[in-house]
file final30.tsv (TSV, C-alpha atoms)
chain	number	residue	atom	x	y	z
A	1	MET	CA	-56.74	84.23	-58.35
A	2	ALA	CA	-54.61	86.72	-56.42
A	3	GLU	CA	-57.66	87.91	-54.51
A	4	THR	CA	-58.56	84.34	-53.54
A	5	LYS	CA	-55.06	83.67	-52.22
A	6	LYS	CA	-55.20	86.87	-50.21
A	7	ARG	CA	-58.42	85.85	-48.51
A	8	LYS	CA	-56.97	82.44	-47.64
A	9	TYR	CA	-53.89	84.06	-46.15
A	10	GLN	CA	-55.92	86.41	-44.00
A	11	TYR	CA	-58.08	83.59	-42.72
A	12	SER	CA	-55.05	81.50	-41.82
A	13	ASP	CA	-53.37	84.40	-40.04
A	14	ASN	CA	-56.45	85.18	-37.98
A	15	GLY	CA	-56.79	81.56	-37.04
A	16	LYS	CA	-53.27	81.48	-35.65
A	17	LYS	CA	-53.88	84.59	-33.57
A	18	ARG	CA	-57.04	83.18	-32.03
A	19	LYS	CA	-55.31	79.95	-31.16
A	20	ARG	CA	-52.30	81.69	-29.65
A	21	PHE	CA	-54.19	84.16	-27.45
A	22	ALA	CA	-57.28	82.17	-26.43
A	23	LEU	CA	-58.28	80.52	-23.18
A	24	GLU	CA	-57.10	76.96	-22.71
A	25	VAL	CA	-56.92	74.29	-20.04
A	26	GLY	CA	-54.42	74.66	-17.22
A	27	LEU	CA	-54.02	78.43	-16.97
A	28	LYS	CA	-53.55	80.65	-13.95
A	29	GLY	CA	-54.27	84.34	-14.05
A	30	PHE	CA	-56.80	87.07	-13.47
A	31	LEU	CA	-60.30	87.64	-14.79
A	32	CYS	CA	-60.64	91.37	-15.42
A	33	SER	CA	-63.91	93.13	-16.20
A	34	CYS	CA	-64.55	96.54	-17.72
A	35	ASN	CA	-67.23	98.64	-19.41
A	36	ASP	CA	-66.01	98.67	-23.00
A	37	ARG	CA	-62.46	100.07	-23.50
A	38	GLU	CA	-60.89	96.61	-23.26
A	39	LYS	CA	-57.48	97.85	-24.45
A	40	ASP	CA	-57.42	100.38	-21.62
A	41	CYS	CA	-58.49	97.63	-19.22
A	42	VAL	CA	-55.54	95.49	-20.35
A	43	ARG	CA	-53.15	98.39	-19.89
A	44	GLU	CA	-54.42	99.14	-16.39
A	45	SER	CA	-54.33	95.44	-15.49
A	46	TYR	CA	-50.68	95.20	-16.51
A	47	ASN	CA	-49.88	98.35	-14.55
A	48	ILE	CA	-51.49	97.34	-11.28
A	49	LEU	CA	-50.29	93.72	-11.41
A	50	ASN	CA	-46.71	94.77	-12.14
A	51	GLU	CA	-46.89	97.40	-9.40
A	52	TYR	CA	-47.64	94.87	-6.67
A	53	ALA	CA	-46.01	91.68	-7.97
A	54	PRO	CA	-42.41	92.54	-6.97
A	55	SER	CA	-43.45	92.93	-3.32
A	56	LEU	CA	-44.37	89.23	-3.22
A	57	GLU	CA	-41.10	87.94	-4.64
A	58	PRO	CA	-38.52	86.41	-2.30
A	59	GLU	CA	-35.55	88.58	-1.48
A	60	GLY	CA	-32.93	88.45	-4.17
A	61	GLN	CA	-35.44	88.10	-7.00
A	62	GLY	CA	-36.42	90.98	-9.23
A	63	SER	CA	-33.10	92.71	-8.59
A	64	SER	CA	-29.93	91.40	-10.22
A	65	GLU	CA	-29.14	87.88	-11.35
A	66	VAL	CA	-25.52	88.50	-12.33
A	67	ASN	CA	-22.80	87.24	-10.05
A	68	ASP	CA	-21.88	89.82	-7.45
A	69	LYS	CA	-18.15	89.77	-8.11
A	70	GLU	CA	-15.86	92.54	-6.96
A	71	ASP	CA	-14.62	93.23	-10.48
A	72	VAL	CA	-18.17	93.90	-11.80
A	73	ASP	CA	-18.84	97.59	-12.00
A	74	GLU	CA	-21.77	98.79	-9.86
A	75	LEU	CA	-23.37	100.66	-12.74
A	76	GLU	CA	-23.19	97.61	-14.99
A	77	ARG	CA	-24.94	95.51	-12.34
A	78	GLU	CA	-27.68	98.08	-11.96
A	79	ILE	CA	-28.24	98.13	-15.72
A	80	GLN	CA	-28.43	94.35	-15.79
A	81	ALA	CA	-30.86	94.43	-12.87
A	82	LEU	CA	-33.17	96.77	-14.74
A	83	LYS	CA	-33.04	94.58	-17.85
A	84	THR	CA	-33.82	91.48	-15.80
A	85	LEU	CA	-36.74	93.19	-14.07
A	86	LYS	CA	-38.12	94.38	-17.41
A	87	GLU	CA	-37.88	90.88	-18.91
A	88	LYS	CA	-39.70	89.41	-15.91
A	89	SER	CA	-42.45	92.02	-16.15
A	90	ASN	CA	-42.91	91.35	-19.86
A	91	HIS	CA	-43.32	87.60	-19.38
A	92	ARG	CA	-45.05	87.54	-16.00
A	93	PHE	CA	-48.44	88.60	-17.40
A	94	GLN	CA	-50.02	88.08	-20.82
A	95	ALA	CA	-53.51	89.07	-21.99
A	96	VAL	CA	-55.47	86.38	-23.81
A	97	GLU	CA	-58.90	86.50	-25.42
A	98	SER	CA	-61.60	85.43	-23.01
A	99	GLY	CA	-64.36	84.95	-25.57
A	100	ALA	CA	-66.72	87.40	-23.80
A	101	LYS	CA	-67.25	91.11	-24.26
A	102	ASN	CA	-65.84	93.38	-21.55
A	103	ILE	CA	-63.97	90.46	-20.01
A	104	VAL	CA	-60.19	90.20	-20.26
A	105	PHE	CA	-58.11	87.29	-19.02
A	106	ILE	CA	-54.52	87.95	-17.96
A	107	ARG	CA	-52.58	84.71	-17.74
A	108	THR	CA	-49.63	84.62	-15.35
A	109	THR	CA	-46.55	82.60	-14.56
A	110	LEU	CA	-46.95	83.40	-10.85
A	111	GLU	CA	-47.59	80.42	-8.63
A	112	ASP	CA	-50.20	82.15	-6.45
A	113	PRO	CA	-52.46	84.67	-8.23
A	114	VAL	CA	-54.82	84.70	-5.24
A	115	LYS	CA	-52.12	86.12	-2.99
A	116	LEU	CA	-51.35	88.91	-5.45
A	117	ALA	CA	-55.02	89.83	-5.92
A	118	GLN	CA	-55.56	89.78	-2.17
A	119	THR	CA	-52.58	92.10	-1.65
A	120	ILE	CA	-53.96	94.57	-4.20
A	121	ILE	CA	-57.50	94.44	-2.79
A	122	GLU	CA	-56.41	94.90	0.81
A	123	ASP	CA	-54.17	97.83	-0.03
A	124	ILE	CA	-56.89	99.64	-2.00
A	125	HIS	CA	-59.37	98.98	0.81
A	126	LYS	CA	-56.92	100.38	3.34
A	127	THR	CA	-55.88	103.48	1.41
A	128	ARG	CA	-59.29	104.13	-0.25
A	129	GLN	CA	-57.31	105.11	-3.33
A	130	GLN	CA	-58.93	104.25	-6.67
A	131	LYS	CA	-56.08	103.02	-8.83
A	132	THR	CA	-57.96	102.09	-12.00
A	133	ARG	CA	-60.53	103.78	-14.21
A	134	PHE	CA	-61.37	101.09	-16.76
A	135	LEU	CA	-60.47	97.93	-14.85
A	136	ILE	CA	-63.39	97.19	-12.52
A	137	ARG	CA	-63.10	93.68	-11.09
A	138	LEU	CA	-59.87	91.73	-10.62
A	139	VAL	CA	-60.62	88.09	-9.82
A	140	PRO	CA	-57.73	85.64	-9.38
A	141	ILE	CA	-57.98	82.32	-11.23
A	142	GLU	CA	-56.04	79.26	-10.05
A	143	GLU	CA	-57.16	76.76	-12.68
A	144	THR	CA	-58.98	76.54	-15.99
A	145	CYS	CA	-60.69	73.46	-17.40
A	146	LYS	CA	-63.33	72.42	-19.90
A	147	ALA	CA	-66.84	73.50	-18.92
A	148	TYR	CA	-68.26	70.08	-18.08
A	149	LEU	CA	-69.35	69.07	-14.59
A	150	ASP	CA	-66.92	66.14	-14.34
A	151	ASP	CA	-64.03	68.31	-15.55
A	152	ILE	CA	-64.89	71.01	-13.04
A	153	LYS	CA	-65.05	68.54	-10.16
A	154	LYS	CA	-61.71	67.04	-11.13
A	155	ALA	CA	-59.99	70.42	-11.58
A	156	ILE	CA	-61.36	71.96	-8.41
A	157	ALA	CA	-60.64	68.96	-6.16
A	158	PRO	CA	-57.03	70.03	-5.36
A	159	LEU	CA	-58.24	73.54	-4.49
A	160	VAL	CA	-60.93	72.16	-2.19
A	161	GLN	CA	-58.32	70.01	-0.50
A	162	LYS	CA	-55.92	72.94	-0.20
A	163	TYR	CA	-58.36	75.39	1.38
A	164	PHE	CA	-60.82	73.14	3.21
A	165	GLY	CA	-58.77	70.08	4.09
A	166	GLY	CA	-57.86	71.20	7.61
A	167	ASN	CA	-59.66	70.49	10.87
A	168	GLU	CA	-60.72	74.09	11.44
A	169	PRO	CA	-64.36	74.71	10.46
A	170	LYS	CA	-64.83	77.46	7.87
A	171	THR	CA	-67.74	79.32	6.37
A	172	PHE	CA	-67.94	79.44	2.61
A	173	SER	CA	-69.99	80.41	-0.42
A	174	VAL	CA	-70.00	79.14	-4.00
A	175	PHE	CA	-70.09	81.87	-6.63
A	176	TYR	CA	-71.17	80.73	-10.09
A	177	ASN	CA	-71.39	82.92	-13.19
A	178	HIS	CA	-71.70	82.01	-16.85
A	179	ARG	CA	-71.35	83.72	-20.21
A	180	HIS	CA	-72.21	82.21	-23.59
A	181	ASN	CA	-72.88	78.81	-22.05
A	182	ASN	CA	-76.30	77.39	-21.25
A	183	GLN	CA	-75.29	73.74	-21.18
A	184	LEU	CA	-74.24	73.56	-17.54
A	185	SER	CA	-76.79	73.52	-14.75
A	186	ARG	CA	-75.95	76.21	-12.21
A	187	ASP	CA	-77.67	74.29	-9.41
A	188	ASP	CA	-75.85	71.05	-10.26
A	189	VAL	CA	-72.44	72.74	-10.25
A	190	ILE	CA	-73.03	74.58	-6.98
A	191	ALA	CA	-74.42	71.48	-5.26
A	192	ALA	CA	-71.54	69.29	-6.43
A	193	VAL	CA	-68.87	71.75	-5.28
A	194	ALA	CA	-70.59	72.40	-1.94
A	195	ASP	CA	-70.74	68.65	-1.33
A	196	MET	CA	-67.02	68.37	-2.07
A	197	VAL	CA	-66.31	71.06	0.53
A	198	THR	CA	-68.43	69.50	3.27
A	199	GLU	CA	-66.95	66.09	2.53
A	200	GLN	CA	-63.62	67.54	3.67
A	201	ASN	CA	-65.15	68.57	6.97
A	202	LYS	CA	-68.81	68.36	7.93
A	203	GLU	CA	-68.34	71.41	10.15
A	204	HIS	CA	-67.83	73.68	7.13
A	205	LYS	CA	-70.95	75.80	6.75
A	206	VAL	CA	-72.45	77.80	3.89
A	207	ASP	CA	-72.64	81.56	4.49
A	208	LEU	CA	-73.85	83.52	1.49
A	209	LYS	CA	-73.24	86.93	3.09
A	210	ASN	CA	-69.99	86.71	5.02
A	211	GLY	CA	-68.31	83.45	4.06
A	212	GLU	CA	-64.60	83.34	4.91
A	213	LEU	CA	-63.85	81.69	1.58
A	214	SER	CA	-65.63	81.78	-1.76
A	215	VAL	CA	-65.32	79.10	-4.40
A	216	ILE	CA	-65.32	80.95	-7.74
A	217	ILE	CA	-66.62	79.25	-10.88
A	218	GLU	CA	-66.66	81.54	-13.92
A	219	VAL	CA	-67.84	79.83	-17.09
A	220	ILE	CA	-67.10	81.40	-20.48
A	221	LYS	CA	-68.17	79.42	-23.54
A	222	ASN	CA	-66.38	76.06	-23.30
A	223	TYR	CA	-64.13	76.85	-20.35
A	224	ALA	CA	-64.53	77.07	-16.58
A	225	LEU	CA	-62.23	79.36	-14.58
A	226	LEU	CA	-61.78	78.30	-10.96
A	227	SER	CA	-60.38	79.63	-7.70
A	228	VAL	CA	-60.95	79.88	-3.96
A	229	THR	CA	-60.66	83.44	-2.67
A	230	PRO	CA	-60.74	84.90	0.85
A	231	LYS	CA	-63.23	87.63	1.83
A	232	PHE	CA	-64.67	87.74	-1.68
A	233	LEU	CA	-68.07	88.89	-0.44
A	234	GLN	CA	-66.71	91.32	2.14
A	235	TYR	CA	-64.53	92.95	-0.52
A	236	LYS	CA	-67.41	93.55	-2.94
A	237	LYS	CA	-66.57	90.54	-5.13
A	238	TYR	CA	-63.14	92.11	-5.72
A	239	ASN	CA	-64.57	95.23	-7.34
A	240	LEU	CA	-61.70	97.72	-7.26
A	241	HIS	CA	-64.06	100.70	-7.48
A	242	MET	CA	-66.57	99.64	-4.85
A	243	ILE	CA	-64.06	98.76	-2.13
A	244	CYS	CA	-62.81	102.37	-2.21
A	245	LYS	CA	-66.26	103.49	-1.11
A	246	ASP	CA	-66.83	100.88	1.55
call {"tool": "encode", "arguments": {"input": "final30.tsv", "output": "structure tokens"}}
result
Amino acid sequence: MAETKKRKYQYSDNGKKRKRFALEVGLKGFLCSCNDREKDCVRESYNILNEYAPSLEPEGQGSSEVNDKEDVDELEREIQALKTLKEKSNHRFQAVESGAKNIVFIRTTLEDPVKLAQTIIEDIHKTRQQKTRFLIRLVPIEETCKAYLDDIKKAIAPLVQKYFGGNEPKTFSVFYNHRHNNQLSRDDVIAAVADMVTEQNKEHKVDLKNGELSVIIEVIKNYALLSVTPKFLQYKKYNLHMICKD
């Protein structure tokens, strides 16, 4: 009897962990790839994201949030500032299970993960300094939804409007990848998204080699991870190792 109860408890506990740290609809974050060593990939992802994130915060954030009164000791304010910064770092990024081997998803509370990823990529490209060993690709994700064509079209519509809604013609590509999902038709998804882009402006043109913008659709099991990223093809599909050698 005791052994049976123990097995039930373990099953229940594992179920809670999977639910708490799994992909879900409505997330923003970063899709991170590695060759095994997922724990090391998570560690390096946290390190590089936290290294660059403060540079994108408005002035006055990430320092001290206590009132700057004359009677507050300078040392006390500095200590409070460090505590505040640590709390922000701890809650800004959170690893969740992606459902695919060698793929880690880091969810974020940041409003614009694309801007942070672009800052990291451009700096590494400029300095030619390889900052990670286990983390290979760092792809920003602006939205997650269920992996059905209608759900993808609905979720990606605001992104298409945001990036392609202007009058200026742009070149673009649609990048589709899938893992553990054979239900969606790659051609149907790409065609539907490309049509949505050209509906915004008929002057937008497909360029599979040097498109200014790339619409990213990463499908993992029952979820689709979406974003629109600049210079995705030029920056080696955001491969942190390859752009050092370019």
call {"tool": "closest_residue", "arguments": {"input": "final30.tsv", "among": "A:Cys34, A:Asn102, A:Lys115, A:Ala95", "to": "A:Ser55", "atoms": "all atoms listed in the file"}}
result
A:Lys115
call {"tool": "atom_distance", "arguments": {"input": "final30.tsv", "atom1": "atom CA of A:Asp187", "atom2": "atom CA of A:Gly29"}}
result
25.9 Å
call {"tool": "closest_residue", "arguments": {"input": "final30.tsv", "among": "A:Ile106, A:Leu233, A:Val139, A:Ala224", "to": "A:Val25", "atoms": "all atoms listed in the file"}}
result
A:Ala224
call {"tool": "closest_residue", "arguments": {"input": "final30.tsv", "among": "A:Glu57, A:Glu218, A:Asp36, A:Glu199", "to": "A:Lys101", "atoms": "only C-alpha atoms"}}
result
A:Asp36
call {"tool": "residues_near_point", "arguments": {"input": "final30.tsv", "point": "(-65.8, 100.8, -7.9)", "cutoff": "12 Å", "atoms": "all atoms listed in the file", "output": "number ranges by chain"}}
result
A: 33-35, 121, 124-125, 128-138, 235-246
call {"tool": "residues_near_point", "arguments": {"input": "final30.tsv", "point": "(-69.1, 67.8, 0.6)", "cutoff": "12 Å", "atoms": "all atoms listed in the file", "output": "PDB file with C-alpha atoms, in the frame of the given file"}}
result
ATOM      1  CA  LYS A 153     -65.050  68.540 -10.160  1.00  0.00           C
ATOM      2  CA  ALA A 157     -60.640  68.960  -6.160  1.00  0.00           C
ATOM      3  CA  VAL A 160     -60.930  72.160  -2.190  1.00  0.00           C
ATOM      4  CA  GLN A 161     -58.320  70.010  -0.500  1.00  0.00           C
ATOM      5  CA  PHE A 164     -60.820  73.140   3.210  1.00  0.00           C
ATOM      6  CA  GLY A 165     -58.770  70.080   4.090  1.00  0.00           C
ATOM      7  CA  PHE A 172     -67.940  79.440   2.610  1.00  0.00           C
ATOM      8  CA  ILE A 190     -73.030  74.580  -6.980  1.00  0.00           C
ATOM      9  CA  ALA A 191     -74.420  71.480  -5.260  1.00  0.00           C
ATOM     10  CA  ALA A 192     -71.540  69.290  -6.430  1.00  0.00           C
ATOM     11  CA  VAL A 193     -68.870  71.750  -5.280  1.00  0.00           C
ATOM     12  CA  ALA A 194     -70.590  72.400  -1.940  1.00  0.00           C
ATOM     13  CA  ASP A 195     -70.740  68.650  -1.330  1.00  0.00           C
ATOM     14  CA  MET A 196     -67.020  68.370  -2.070  1.00  0.00           C
ATOM     15  CA  VAL A 197     -66.310  71.060   0.530  1.00  0.00           C
ATOM     16  CA  THR A 198     -68.430  69.500   3.270  1.00  0.00           C
ATOM     17  CA  GLU A 199     -66.950  66.090   2.530  1.00  0.00           C
ATOM     18  CA  GLN A 200     -63.620  67.540   3.670  1.00  0.00           C
ATOM     19  CA  ASN A 201     -65.150  68.570   6.970  1.00  0.00           C
ATOM     20  CA  LYS A 202     -68.810  68.360   7.930  1.00  0.00           C
ATOM     21  CA  GLU A 203     -68.340  71.410  10.150  1.00  0.00           C
ATOM     22  CA  HIS A 204     -67.830  73.680   7.130  1.00  0.00           C
ATOM     23  CA  LYS A 205     -70.950  75.800   6.750  1.00  0.00           C
ATOM     24  CA  VAL A 206     -72.450  77.800   3.890  1.00  0.00           C
TER      25      VAL A 206
END
call {"tool": "residues_around", "arguments": {"input": "final30.tsv", "residues": "A:Ile156", "least_positions_apart": "2", "cutoff": "8 Å", "atoms": "all atoms listed in the file", "output": "number ranges by chain"}}
result
A: 143, 152-154, 158-160, 226-227
call {"tool": "atom_distance", "arguments": {"input": "final30.tsv", "atom1": "atom CA of A:Arg92", "atom2": "atom CA of A:Val219"}}
result
24.1 Å
call {"tool": "closest_residue", "arguments": {"input": "final30.tsv", "among": "A:Asn47, A:Thr144, A:Thr127, A:Asn181", "to": "A:Ile216", "atoms": "only C-alpha atoms"}}
result
A:Thr144
call {"tool": "atom_distance", "arguments": {"input": "final30.tsv", "atom1": "atom CA of A:Tyr223", "atom2": "atom CA of A:Ser98"}}
result
9.3 Å
call {"tool": "residues_around", "arguments": {"input": "final30.tsv", "residues": "A:Ala100", "least_positions_apart": "5", "cutoff": "8 Å", "atoms": "all atoms listed in the file", "output": "list in words"}}
result
Arg179, His180 and Ile220 of chain A
